[in-house]
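Have a look at final.cif; it's mmCIF, C-alpha atoms:
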```
data_run
#
loop_
_atom_site.label_atom_id
_atom_site.label_comp_id
_atom_site.auth_asym_id
_atom_site.auth_seq_id
_atom_site.Cartn_x
_atom_site.Cartn_y
_atom_site.Cartn_z
CA MET C 2 -14.26 -26.49 -26.36
CA ILE C 3 -12.83 -23.11 -27.33
CA PHE C 4 -12.44 -20.73 -24.38
CA PHE C 5 -12.00 -16.98 -24.69
CA VAL C 6 -9.95 -15.71 -21.74
CA THR C 7 -9.72 -12.00 -20.99
CA GLY C 8 -6.72 -10.93 -18.93
CA ALA C 9 -4.98 -14.01 -20.31
CA ALA C 10 -1.47 -12.72 -19.56
CA GLY C 11 -2.35 -11.77 -15.99
CA PHE C 12 -1.94 -13.62 -12.71
CA ILE C 13 -5.09 -15.75 -12.58
CA GLY C 14 -5.77 -15.64 -16.32
CA SER C 15 -2.42 -17.11 -17.34
CA ASN C 16 -2.74 -19.91 -14.80
CA MET C 17 -6.19 -20.66 -16.20
CA VAL C 18 -4.86 -20.64 -19.78
CA ASP C 19 -2.22 -23.23 -18.91
CA ARG C 20 -4.75 -25.45 -17.17
CA LEU C 21 -7.23 -25.31 -20.05
CA LEU C 22 -4.54 -26.22 -22.57
CA ARG C 23 -3.35 -29.12 -20.40
CA GLU C 24 -6.93 -30.40 -20.32
CA GLY C 25 -7.08 -30.42 -24.13
CA HIS C 26 -9.15 -27.30 -24.78
CA SER C 27 -8.39 -24.55 -27.28
CA VAL C 28 -7.89 -21.03 -25.94
CA VAL C 29 -8.03 -17.53 -27.36
CA GLY C 30 -6.24 -15.23 -24.94
CA TYR C 31 -7.00 -11.50 -24.92
CA ASP C 32 -4.94 -8.95 -23.01
CA ASN C 33 -3.78 -5.36 -23.45
CA LEU C 34 -0.53 -6.14 -21.58
CA SER C 35 -0.91 -3.11 -19.34
CA THR C 36 -0.15 -5.32 -16.35
CA GLY C 37 -0.11 -8.80 -17.91
CA LYS C 38 3.19 -10.45 -18.84
CA LYS C 39 3.88 -12.39 -22.02
CA GLU C 40 6.47 -14.29 -19.97
CA PHE C 41 3.59 -15.94 -18.11
CA LEU C 42 2.42 -17.49 -21.39
CA VAL C 43 5.69 -19.05 -22.56
CA ASP C 44 4.29 -22.58 -22.40
CA ALA C 45 1.00 -21.51 -23.97
CA PHE C 46 2.74 -19.90 -26.96
CA SER C 47 4.28 -23.26 -27.82
CA ASN C 48 0.84 -24.88 -27.99
CA PRO C 49 -0.92 -24.88 -31.40
CA ARG C 50 -4.30 -24.69 -29.64
CA PHE C 51 -3.48 -21.25 -28.23
CA LEU C 52 -4.03 -17.94 -29.99
CA PHE C 53 -3.03 -14.69 -28.30
CA VAL C 54 -4.57 -11.37 -29.26
CA VAL C 55 -3.30 -8.05 -27.92
CA GLY C 56 -6.35 -5.88 -27.40
CA ASP C 57 -8.20 -3.64 -24.98
CA LEU C 58 -11.73 -4.25 -23.74
CA SER C 59 -12.57 -0.64 -24.52
CA ASP C 60 -12.24 -1.37 -28.25
CA LYS C 61 -15.41 -3.33 -28.93
CA ASN C 62 -14.93 -4.10 -32.63
CA PRO C 63 -11.56 -5.92 -32.32
CA LEU C 64 -12.82 -7.60 -29.16
CA CYS C 65 -15.88 -8.86 -31.01
CA ASP C 66 -13.74 -10.08 -33.92
CA ALA C 67 -11.33 -11.94 -31.62
CA MET C 68 -14.19 -13.69 -29.84
CA ALA C 69 -15.69 -15.15 -33.01
CA GLY C 70 -15.99 -18.93 -32.94
CA CYS C 71 -15.50 -19.31 -29.18
CA ASP C 72 -17.83 -21.28 -26.92
CA PHE C 73 -17.26 -19.90 -23.42
CA VAL C 74 -15.86 -16.65 -22.00
CA LEU C 75 -13.71 -16.58 -18.86
CA HIS C 76 -13.52 -12.91 -17.90
CA PHE C 77 -10.54 -12.01 -15.67
CA ALA C 78 -9.41 -8.68 -17.16
CA ALA C 79 -9.85 -5.79 -14.73
CA ASN C 80 -8.17 -2.96 -12.94
CA ALA C 81 -7.35 -4.59 -9.61
CA ASP C 82 -5.67 -1.61 -7.94
CA VAL C 83 -7.99 -1.14 -4.97
CA ARG C 84 -5.54 0.95 -2.97
CA HIS C 85 -5.16 3.81 -5.46
CA GLY C 86 -8.70 3.79 -6.84
CA LEU C 87 -9.50 7.28 -5.56
CA LYS C 88 -6.55 8.72 -7.50
CA HIS C 89 -8.09 7.70 -10.83
CA PRO C 90 -11.83 7.21 -10.21
CA GLY C 91 -12.67 6.61 -13.87
CA LYS C 92 -10.30 3.67 -14.21
CA ASP C 93 -12.51 1.13 -12.43
CA LEU C 94 -15.54 2.27 -14.41
CA LYS C 95 -13.72 2.05 -17.75
CA ASN C 96 -11.67 -1.11 -17.24
CA ASN C 97 -14.10 -3.09 -15.13
CA THR C 98 -17.71 -2.02 -15.71
CA LEU C 99 -17.60 -0.69 -19.28
CA GLY C 100 -15.13 -3.41 -20.23
CA THR C 101 -17.56 -6.03 -19.00
CA PHE C 102 -20.37 -4.41 -20.97
CA ASN C 103 -18.25 -4.71 -24.13
CA VAL C 104 -17.50 -8.35 -23.34
CA LEU C 105 -21.21 -9.07 -22.98
CA GLU C 106 -22.09 -7.23 -26.17
CA SER C 107 -19.35 -9.10 -28.06
CA MET C 108 -20.74 -12.37 -26.73
CA ARG C 109 -24.20 -11.40 -27.90
CA ALA C 110 -22.92 -10.51 -31.37
CA ASN C 111 -21.13 -13.86 -31.64
CA GLY C 112 -23.92 -16.02 -30.21
CA ILE C 113 -21.89 -17.01 -27.14
CA ARG C 114 -24.08 -17.65 -24.13
CA LYS C 115 -21.75 -18.74 -21.29
CA ILE C 116 -19.55 -16.56 -19.12
CA ALA C 117 -17.58 -16.98 -15.90
CA PHE C 118 -16.69 -13.73 -14.14
CA SER C 119 -14.04 -13.00 -11.53
CA SER C 120 -15.75 -10.79 -9.00
CA THR C 121 -14.53 -10.03 -5.49
CA GLY C 122 -15.38 -10.35 -1.83
CA SER C 123 -15.04 -6.56 -1.76
CA VAL C 124 -18.64 -6.32 -3.00
CA TYR C 125 -19.67 -7.10 0.59
CA GLY C 126 -18.02 -3.87 1.78
CA GLU C 127 -17.54 -3.99 5.53
CA ALA C 128 -19.86 -6.89 6.20
CA ASP C 129 -21.85 -7.44 9.40
CA VAL C 130 -21.89 -11.27 9.16
CA PHE C 131 -18.79 -13.50 9.33
CA PRO C 132 -18.09 -15.71 7.57
CA THR C 133 -20.02 -13.79 4.92
CA PRO C 134 -22.39 -15.88 2.72
CA GLU C 135 -23.46 -15.16 -0.86
CA ASN C 136 -26.90 -14.00 0.26
CA ALA C 137 -25.59 -11.45 2.76
CA PRO C 138 -27.12 -8.00 2.36
CA PHE C 139 -24.87 -5.52 0.56
CA PRO C 140 -23.85 -2.63 2.80
CA VAL C 141 -22.54 0.73 1.61
CA GLN C 142 -19.75 0.18 -0.91
CA THR C 143 -16.36 1.22 0.46
CA SER C 144 -14.16 1.08 -2.67
CA LEU C 145 -14.56 2.08 -6.29
CA TYR C 146 -13.15 -1.33 -7.21
CA GLY C 147 -15.84 -3.18 -5.28
CA ALA C 148 -18.55 -0.89 -6.64
CA SER C 149 -17.39 -1.45 -10.22
CA LYS C 150 -17.34 -5.23 -9.75
CA LEU C 151 -20.83 -5.17 -8.26
CA ALA C 152 -21.99 -3.22 -11.31
CA CYS C 153 -20.42 -5.91 -13.51
CA GLU C 154 -22.33 -8.58 -11.62
CA GLY C 155 -25.54 -6.66 -12.22
CA LEU C 156 -24.87 -6.40 -15.95
CA ILE C 157 -24.13 -10.12 -16.21
CA GLN C 158 -27.29 -11.05 -14.33
CA ALA C 159 -29.37 -8.77 -16.54
CA TYR C 160 -27.89 -10.29 -19.72
CA CYS C 161 -28.56 -13.76 -18.36
CA GLU C 162 -32.18 -12.81 -17.81
CA GLY C 163 -32.68 -10.77 -20.96
CA TYR C 164 -30.60 -12.71 -23.50
CA ASN C 165 -30.67 -16.20 -22.00
CA PHE C 166 -26.99 -16.22 -21.05
CA GLU C 167 -25.64 -18.60 -18.42
CA GLY C 168 -23.42 -16.83 -15.91
CA PHE C 169 -21.04 -18.00 -13.20
CA ILE C 170 -19.93 -15.31 -10.78
CA PHE C 171 -17.03 -16.01 -8.42
CA ARG C 172 -16.44 -13.71 -5.47
CA PHE C 173 -12.81 -14.22 -4.52
CA VAL C 174 -10.84 -13.43 -1.45
CA SER C 175 -7.31 -12.25 -2.36
CA ILE C 176 -5.51 -14.80 -4.51
CA LEU C 177 -1.88 -15.86 -3.92
CA GLY C 178 0.62 -18.04 -5.74
CA GLU C 179 2.76 -18.27 -8.83
CA ARG C 180 2.64 -15.18 -11.14
CA TYR C 181 1.34 -12.95 -8.34
CA THR C 182 2.42 -9.39 -9.13
CA HIS C 183 0.71 -7.05 -6.66
CA GLY C 184 -0.53 -7.06 -3.12
CA HIS C 185 0.89 -7.20 0.37
CA VAL C 186 3.14 -10.26 -0.06
CA PHE C 187 4.68 -8.70 -3.19
CA ASP C 188 5.18 -5.38 -1.39
CA PHE C 189 6.59 -6.95 1.77
CA TYR C 190 9.02 -9.14 -0.13
CA ARG C 191 10.23 -6.25 -2.31
CA HIS C 192 10.83 -4.04 0.73
CA LEU C 193 12.64 -6.78 2.64
CA VAL C 194 14.93 -7.57 -0.27
CA ALA C 195 15.81 -3.88 -0.60
CA ASN C 196 16.17 -3.35 3.17
CA PRO C 197 15.85 -6.40 5.46
CA ARG C 198 16.16 -4.17 8.53
CA SER C 199 12.91 -2.23 8.02
CA LEU C 200 9.37 -2.99 6.85
CA PRO C 201 6.66 -0.32 6.31
CA VAL C 202 3.12 -1.64 6.85
CA LEU C 203 -0.11 0.10 5.87
CA GLY C 204 -2.51 -0.23 8.79
CA ASP C 205 -1.72 -1.54 12.25
CA GLY C 206 -1.25 -5.18 11.23
CA THR C 207 -4.42 -6.39 12.92
CA GLN C 208 -6.45 -6.42 9.69
CA ARG C 209 -7.89 -9.91 9.27
CA LYS C 210 -7.82 -11.31 5.76
CA SER C 211 -8.49 -14.56 3.95
CA TYR C 212 -6.44 -15.72 0.98
CA LEU C 213 -6.70 -18.51 -1.60
CA TYR C 214 -3.98 -20.27 -3.58
CA VAL C 215 -4.32 -19.67 -7.32
CA GLN C 216 -4.51 -23.34 -8.32
CA ASP C 217 -7.31 -23.89 -5.80
CA CYS C 218 -9.10 -20.94 -7.40
CA VAL C 219 -8.68 -22.43 -10.89
CA ASP C 220 -9.89 -25.81 -9.61
CA ALA C 221 -13.06 -24.26 -8.22
CA ILE C 222 -13.92 -22.32 -11.37
CA LEU C 223 -13.41 -25.28 -13.69
CA LEU C 224 -15.40 -27.57 -11.42
CA ALA C 225 -18.33 -25.15 -11.26
CA ILE C 226 -18.56 -24.45 -14.98
CA SER C 227 -18.29 -28.16 -15.82
CA GLN C 228 -21.48 -28.93 -13.88
CA PRO C 229 -24.27 -26.63 -15.11
CA ASN C 230 -27.10 -26.63 -12.60
CA GLY C 231 -29.97 -25.19 -14.62
CA HIS C 232 -29.69 -21.72 -13.09
CA LYS C 233 -29.26 -18.67 -15.26
CA VAL C 234 -26.79 -17.25 -12.73
CA SER C 235 -24.68 -19.13 -10.21
CA ILE C 236 -22.80 -17.13 -7.58
CA TYR C 237 -20.04 -18.70 -5.50
CA ASN C 238 -17.75 -17.37 -2.81
CA LEU C 239 -14.20 -18.70 -3.12
CA GLY C 240 -11.86 -18.78 -0.15
CA THR C 241 -10.42 -20.96 2.58
CA ASN C 242 -12.08 -21.78 5.88
CA GLU C 243 -9.48 -19.73 7.74
CA HIS C 244 -8.23 -16.18 7.97
CA CYS C 245 -5.13 -14.52 9.35
CA GLN C 246 -3.90 -11.15 10.51
CA VAL C 247 -1.46 -9.15 8.43
CA LEU C 248 0.92 -9.64 11.36
CA ASP C 249 0.71 -13.40 10.81
CA SER C 250 1.81 -13.10 7.19
CA ILE C 251 4.65 -10.78 8.23
CA ARG C 252 5.82 -13.35 10.73
CA TRP C 253 5.69 -16.18 8.17
CA ILE C 254 7.51 -14.16 5.51
CA THR C 255 10.26 -12.80 7.74
CA LYS C 256 10.91 -16.21 9.28
CA HIS C 257 11.06 -17.79 5.81
CA LEU C 258 13.57 -15.17 4.68
CA GLY C 259 15.55 -15.27 7.92
CA VAL C 260 15.20 -11.54 8.65
CA SER C 261 14.05 -9.51 11.68
CA PRO C 262 13.03 -6.06 10.44
CA ASP C 263 11.84 -3.09 12.45
CA ILE C 264 8.14 -2.85 11.54
CA ARG C 265 6.74 0.63 10.95
CA PHE C 266 2.93 0.88 10.98
CA SER C 267 0.85 3.69 9.46
CA GLY C 268 -2.83 4.36 8.79
CA GLY C 269 -4.64 3.13 11.90
CA ASN C 270 -6.70 -0.05 11.66
CA ARG C 271 -6.80 0.00 7.84
CA GLY C 272 -4.21 0.83 5.22
CA TRP C 273 -6.36 2.94 2.89
CA VAL C 274 -9.95 3.94 2.14
CA GLY C 275 -11.75 0.74 1.19
CA ASP C 276 -9.32 -1.56 3.02
CA SER C 277 -11.79 -3.64 5.00
CA PRO C 278 -10.36 -4.61 8.41
CA PHE C 279 -11.98 -8.08 8.21
CA ILE C 280 -12.66 -10.22 5.15
CA PHE C 281 -13.80 -13.81 5.64
CA LEU C 282 -16.17 -15.49 3.17
CA ASP C 283 -18.53 -18.38 3.81
CA CYS C 284 -17.82 -20.96 1.08
CA THR C 285 -20.31 -23.58 2.26
CA LYS C 286 -22.32 -23.29 -0.97
CA ILE C 287 -19.62 -24.49 -3.38
CA ARG C 288 -18.32 -27.06 -0.91
CA SER C 289 -21.68 -28.63 -0.21
CA SER C 290 -23.06 -28.48 -3.76
CA LEU C 291 -19.92 -29.34 -5.74
CA GLY C 292 -17.58 -30.89 -3.19
CA TRP C 293 -14.77 -28.39 -3.79
CA GLN C 294 -12.18 -27.98 -1.06
CA PRO C 295 -9.02 -25.86 -1.18
CA LYS C 296 -5.86 -27.93 -0.85
CA VAL C 297 -3.39 -25.24 0.24
CA SER C 298 -3.53 -23.35 3.54
CA ILE C 299 -3.11 -19.58 3.75
CA LYS C 300 0.34 -19.93 5.30
CA ASP C 301 1.53 -22.32 2.58
CA GLY C 302 0.04 -20.06 -0.10
CA VAL C 303 1.99 -17.10 1.30
CA LEU C 304 5.24 -19.09 1.33
CA LYS C 305 4.69 -20.47 -2.18
CA THR C 306 4.26 -16.87 -3.31
CA VAL C 307 7.48 -15.77 -1.60
CA ASP C 308 9.38 -18.64 -3.26
CA PHE C 309 7.97 -17.68 -6.66
CA LEU C 310 9.05 -14.07 -6.19
CA ALA C 311 12.50 -15.16 -5.06
CA HIS C 312 12.95 -17.20 -8.25
CA ASN C 313 11.62 -14.42 -10.51
CA PRO C 314 13.44 -11.17 -9.61
CA TRP C 315 12.74 -9.79 -13.10
CA LEU C 316 9.19 -9.06 -11.95
CA PHE C 317 10.39 -6.21 -9.75
CA GLU C 318 11.78 -4.43 -12.79
CA THR C 319 8.48 -4.62 -14.67
CA CYS C 320 5.92 -4.12 -11.87
CA VAL C 321 5.60 -0.60 -10.53
#
```
Mind turning this structure into structure tokens?
Amino acid sequence: MIFFVTGAAGFIGSNMVDRLLREGHSVVGYDNLSTGKKEFLVDAFSNPRFLFVVGDLSDKNPLCDAMAGCDFVLHFAANADVRHGLKHPGKDLKNNTLGTFNVLESMRANGIRKIAFSSTGSVYGEADVFPTPENAPFPVQTSLYGASKLACEGLIQAYCEGYNFEGFIFRFVSILGERYTHGHVFDFYRHLVANPRSLPVLGDGTQRKSYLYVQDCVDAILLAISQPNGHKVSIYNLGTNEHCQVLDSIRWITKHLGVSPDIRFSGGNRGWVGDSPFIFLDCTKIRSSLGWQPKVSIKDGVLKTVDFLAHNPWLFETCV
């Protein structure tokens, strides 16, 4: 099968590219390299079944041309900067929602009918039910990122209904692991390397979050798309069956690094507008229907991420 992967040089996308190639598939990777890293695709570039195209989802004609001949689209490309969304409110609309529209239109032009989409648990806003299931009612959206992803889900569902597409929508918790380039573990590690005596923390540290190791995420996606179930749209939460406080991750990281910083909190019970103080997804659906189980705990995922960052200091020169 020939897979078209958007965001192929990014964190999750590059891990997916490597897995697909190892499993014998052909891959066309598409990325504008605004945040993606060619270094993440070193192994892929040596594989004759991999073609990399530098392109932006806003340019529909080259996107459509690059997608020609592919069988399945894995759509990871997005602006994932939730924290600073209010500083550039058009970015989520352009990169996420309009970009997804162009992906869908390029699929339609090329006769491609299958898409897997990386959505987010942020679409649940500040949920009232925990753990939060896929059929939970949507409250008021609290971030432009979550709102843009929810709009993408709506577009995909409408194309599945109107053009007979088959869609797989995955609502992630935050993903951790190798090639991770933004988020609290990245920020904490960078601060502690620069100054192990002090650590600034957005929020009061009591925010409760759930995280998922990137290879567990890839496992779940590939398992789901390999077993079509006759539905036009399949929606799955992806996460672990546990959650932790930000203070827990600070404790794990500082102990792993052997440092005891003075912790400086700011922002009350959330770090920024849209930072939900509790995220915990109910993943019963994918576990009961497909038998998927994550293999790596949140703590181990955090520590694997720290070890990756420690072995790749060049990332801190390229990630702002």
List the residues sitting within 12 Å of (-30.6, -13.4, -19.5) in the file's frame, using all atoms listed in the file, as a PyMOL selection string.
chain C and resi 105+109+114-116+155-168+232-234
Please write the residues picked by the PyMOL selection byres ((chain C and resi 200) around 9) on this file as a PyMOL selection string.
chain C and resi 189+192-193+196-199+201-202+262-266
Keeping only C-alpha atoms, take the residues you just selected and write them out as a CSV table (one decimal), in the coordinates of the input.
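After the write, out35.csv holds the following:
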```
chain,number,residue,atom,x,y,z
C,189,PHE,CA,6.6,-7.0,1.8
C,192,HIS,CA,10.8,-4.0,0.7
C,193,LEU,CA,12.6,-6.8,2.6
C,196,ASN,CA,16.2,-3.4,3.2
C,197,PRO,CA,15.8,-6.4,5.5
C,198,ARG,CA,16.2,-4.2,8.5
C,199,SER,CA,12.9,-2.2,8.0
C,201,PRO,CA,6.7,-0.3,6.3
C,202,VAL,CA,3.1,-1.6,6.8
C,262,PRO,CA,13.0,-6.1,10.4
C,263,ASP,CA,11.8,-3.1,12.4
C,264,ILE,CA,8.1,-2.8,11.5
C,265,ARG,CA,6.7,0.6,11.0
C,266,PHE,CA,2.9,0.9,11.0
```
Residues returned when the PyMOL selection byres ((chain C and resi 37-41) around 12) runs on this file, as a PDB file with C-alpha atoms, keeping the file's coordinate frame:
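Result written to selection.pdb:
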```
ATOM      1  CA  THR C   7      -9.720 -12.000 -20.990  1.00  0.00           C
ATOM      2  CA  GLY C   8      -6.720 -10.930 -18.930  1.00  0.00           C
ATOM      3  CA  ALA C   9      -4.980 -14.010 -20.310  1.00  0.00           C
ATOM      4  CA  ALA C  10      -1.470 -12.720 -19.560  1.00  0.00           C
ATOM      5  CA  GLY C  11      -2.350 -11.770 -15.990  1.00  0.00           C
ATOM      6  CA  PHE C  12      -1.940 -13.620 -12.710  1.00  0.00           C
ATOM      7  CA  ILE C  13      -5.090 -15.750 -12.580  1.00  0.00           C
ATOM      8  CA  GLY C  14      -5.770 -15.640 -16.320  1.00  0.00           C
ATOM      9  CA  SER C  15      -2.420 -17.110 -17.340  1.00  0.00           C
ATOM     10  CA  ASN C  16      -2.740 -19.910 -14.800  1.00  0.00           C
ATOM     11  CA  MET C  17      -6.190 -20.660 -16.200  1.00  0.00           C
ATOM     12  CA  VAL C  18      -4.860 -20.640 -19.780  1.00  0.00           C
ATOM     13  CA  ASP C  19      -2.220 -23.230 -18.910  1.00  0.00           C
ATOM     14  CA  GLY C  30      -6.240 -15.230 -24.940  1.00  0.00           C
ATOM     15  CA  TYR C  31      -7.000 -11.500 -24.920  1.00  0.00           C
ATOM     16  CA  ASP C  32      -4.940  -8.950 -23.010  1.00  0.00           C
ATOM     17  CA  ASN C  33      -3.780  -5.360 -23.450  1.00  0.00           C
ATOM     18  CA  LEU C  34      -0.530  -6.140 -21.580  1.00  0.00           C
ATOM     19  CA  SER C  35      -0.910  -3.110 -19.340  1.00  0.00           C
ATOM     20  CA  THR C  36      -0.150  -5.320 -16.350  1.00  0.00           C
ATOM     21  CA  LEU C  42       2.420 -17.490 -21.390  1.00  0.00           C
ATOM     22  CA  VAL C  43       5.690 -19.050 -22.560  1.00  0.00           C
ATOM     23  CA  ASP C  44       4.290 -22.580 -22.400  1.00  0.00           C
ATOM     24  CA  ALA C  45       1.000 -21.510 -23.970  1.00  0.00           C
ATOM     25  CA  PHE C  46       2.740 -19.900 -26.960  1.00  0.00           C
ATOM     26  CA  PHE C  53      -3.030 -14.690 -28.300  1.00  0.00           C
ATOM     27  CA  VAL C  54      -4.570 -11.370 -29.260  1.00  0.00           C
ATOM     28  CA  VAL C  55      -3.300  -8.050 -27.920  1.00  0.00           C
ATOM     29  CA  GLY C  56      -6.350  -5.880 -27.400  1.00  0.00           C
ATOM     30  CA  ASP C  57      -8.200  -3.640 -24.980  1.00  0.00           C
ATOM     31  CA  PHE C  77     -10.540 -12.010 -15.670  1.00  0.00           C
ATOM     32  CA  ALA C  78      -9.410  -8.680 -17.160  1.00  0.00           C
ATOM     33  CA  ALA C  79      -9.850  -5.790 -14.730  1.00  0.00           C
ATOM     34  CA  ASN C  80      -8.170  -2.960 -12.940  1.00  0.00           C
ATOM     35  CA  ALA C  81      -7.350  -4.590  -9.610  1.00  0.00           C
ATOM     36  CA  GLU C 179       2.760 -18.270  -8.830  1.00  0.00           C
ATOM     37  CA  ARG C 180       2.640 -15.180 -11.140  1.00  0.00           C
ATOM     38  CA  TYR C 181       1.340 -12.950  -8.340  1.00  0.00           C
ATOM     39  CA  THR C 182       2.420  -9.390  -9.130  1.00  0.00           C
ATOM     40  CA  HIS C 183       0.710  -7.050  -6.660  1.00  0.00           C
ATOM     41  CA  ASN C 313      11.620 -14.420 -10.510  1.00  0.00           C
ATOM     42  CA  TRP C 315      12.740  -9.790 -13.100  1.00  0.00           C
ATOM     43  CA  LEU C 316       9.190  -9.060 -11.950  1.00  0.00           C
ATOM     44  CA  THR C 319       8.480  -4.620 -14.670  1.00  0.00           C
ATOM     45  CA  CYS C 320       5.920  -4.120 -11.870  1.00  0.00           C
TER      46      CYS C 320
END
```
Out of C:Gln142, C:Ser149, C:Thr133, C:Gln246, which residue has the shortest atom-to-atom distance to Pro90 (chain C) when counting only C-alpha atoms?
C:Ser149
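The coordinates place CA of Ser290 (chain C) at 26.4 Å from CA of Ala152 (chain C).
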Around (-5.5, -27.5, 1.9) in the file's own coordinates, what residues are found within 12 Å if you use all atoms listed in the file, given back as a compact mmCIF listing (two decimals) with C-alpha atoms, in the coordinates of the input?
```
# COMPACT_ATOMS: atom_id res chain seq x y z
CA TYR C 212 -6.44 -15.72 0.98
CA LEU C 213 -6.70 -18.51 -1.60
CA TYR C 214 -3.98 -20.27 -3.58
CA GLN C 216 -4.51 -23.34 -8.32
CA ASP C 217 -7.31 -23.89 -5.80
CA CYS C 218 -9.10 -20.94 -7.40
CA GLY C 240 -11.86 -18.78 -0.15
CA THR C 241 -10.42 -20.96 2.58
CA ASN C 242 -12.08 -21.78 5.88
CA GLU C 243 -9.48 -19.73 7.74
CA TRP C 293 -14.77 -28.39 -3.79
CA GLN C 294 -12.18 -27.98 -1.06
CA PRO C 295 -9.02 -25.86 -1.18
CA LYS C 296 -5.86 -27.93 -0.85
CA VAL C 297 -3.39 -25.24 0.24
CA SER C 298 -3.53 -23.35 3.54
CA ILE C 299 -3.11 -19.58 3.75
CA LYS C 300 0.34 -19.93 5.30
CA ASP C 301 1.53 -22.32 2.58
CA GLY C 302 0.04 -20.06 -0.10
```
Listed atoms of region 100-105 of chain C, axis-aligned box, 4 Å per side: centre and edge lengths to one decimal in Å, as AutoDock Vina command-line options?
```
--center_x -18.2 --center_y -6.2 --center_z -21.6 --size_x 14.1 --size_y 13.7 --size_z 13.1
```
Please indicate the distance in Å from CA of Ala311 (chain C) to CA of Tyr190 (chain C), rounded to one decimal place.
8.5 Å
Evaluated on this file, the PyMOL selection byres ((chain C and resi 28) around 7) picks out some residues - which ones are they, written as a list in words?
Ile3, Phe4, Phe5, Val18, His26, Ser27, Val29, Gly30, Arg50, Phe51 and Leu52 of chain C
Kindly export the residues of the current selection with C-alpha atoms, as a CSV table (one decimal), keeping the file's coordinate frame.
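The resulting file, result_17.csv, is reproduced below:
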```csv
chain,number,residue,atom,x,y,z
C,3,ILE,CA,-12.8,-23.1,-27.3
C,4,PHE,CA,-12.4,-20.7,-24.4
C,5,PHE,CA,-12.0,-17.0,-24.7
C,18,VAL,CA,-4.9,-20.6,-19.8
C,26,HIS,CA,-9.2,-27.3,-24.8
C,27,SER,CA,-8.4,-24.6,-27.3
C,29,VAL,CA,-8.0,-17.5,-27.4
C,30,GLY,CA,-6.2,-15.2,-24.9
C,50,ARG,CA,-4.3,-24.7,-29.6
C,51,PHE,CA,-3.5,-21.2,-28.2
C,52,LEU,CA,-4.0,-17.9,-30.0
```
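Picture a line from CA of Ala128 (chain C) to CA of Phe171 (chain C); it runs 17.5 Å.
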Between C:Asp220, C:Asp276, C:Asp66, C:Asp308, which is the closest to Leu258 (chain C) once you count all atoms listed in the file?
C:Asp308
Tell me, as a list in words, which residues lie within 9 Å of Ile254 (chain C), counting only C-alpha atoms; anything in the same chain fewer than 6 positions away does not count.
Val186, Phe189, Tyr190, Val260, Val303, Leu304 and Val307 of chain C
Emit region 109-146 of chain C of the structure in the block as a file comprising C-alpha atoms, as an mmCIF file, in the first residue's frame.
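As written to disk, selection21.cif reads:
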```
data_model
loop_
_atom_site.group_PDB
_atom_site.id
_atom_site.type_symbol
_atom_site.label_atom_id
_atom_site.label_comp_id
_atom_site.auth_asym_id
_atom_site.auth_seq_id
_atom_site.Cartn_x
_atom_site.Cartn_y
_atom_site.Cartn_z
ATOM 1 C CA ARG C 109 -11.243 13.672 -3.909
ATOM 2 C CA ALA C 110 -9.351 14.784 -7.016
ATOM 3 C CA ASN C 111 -7.125 11.703 -6.839
ATOM 4 C CA GLY C 112 -9.855 9.174 -6.037
ATOM 5 C CA ILE C 113 -8.441 8.406 -2.581
ATOM 6 C CA ARG C 114 -11.148 7.432 -0.126
ATOM 7 C CA LYS C 115 -9.377 6.606 3.171
ATOM 8 C CA ILE C 116 -8.025 9.026 5.748
ATOM 9 C CA ALA C 117 -6.789 8.815 9.334
ATOM 10 C CA PHE C 118 -6.746 12.117 11.210
ATOM 11 C CA SER C 119 -4.860 13.147 14.329
ATOM 12 C CA SER C 120 -7.373 15.066 16.392
ATOM 13 C CA THR C 121 -7.075 15.922 20.076
ATOM 14 C CA GLY C 122 -8.666 15.431 23.452
ATOM 15 C CA SER C 123 -8.852 19.232 23.545
ATOM 16 C CA VAL C 124 -12.090 19.014 21.535
ATOM 17 C CA TYR C 125 -13.775 18.051 24.820
ATOM 18 C CA GLY C 126 -12.870 21.447 26.298
ATOM 19 C CA GLU C 127 -13.235 21.329 30.067
ATOM 20 C CA ALA C 128 -15.239 18.137 30.239
ATOM 21 C CA ASP C 129 -17.795 17.270 32.923
ATOM 22 C CA VAL C 130 -17.284 13.479 32.726
ATOM 23 C CA PHE C 131 -14.026 11.665 33.616
ATOM 24 C CA PRO C 132 -12.670 9.604 32.081
ATOM 25 C CA THR C 133 -14.195 11.293 29.043
ATOM 26 C CA PRO C 134 -15.723 8.951 26.401
ATOM 27 C CA GLU C 135 -16.055 9.585 22.662
ATOM 28 C CA ASN C 136 -19.773 10.260 22.976
ATOM 29 C CA ALA C 137 -19.405 12.917 25.666
ATOM 30 C CA PRO C 138 -21.247 16.148 24.897
ATOM 31 C CA PHE C 139 -19.002 18.928 23.612
ATOM 32 C CA PRO C 140 -18.897 21.894 25.982
ATOM 33 C CA VAL C 141 -17.808 25.417 25.076
ATOM 34 C CA GLN C 142 -14.477 25.276 23.244
ATOM 35 C CA THR C 143 -11.648 26.736 25.318
ATOM 36 C CA SER C 144 -8.812 26.935 22.762
ATOM 37 C CA LEU C 145 -8.525 27.933 19.131
ATOM 38 C CA TYR C 146 -6.504 24.758 18.587
#
```
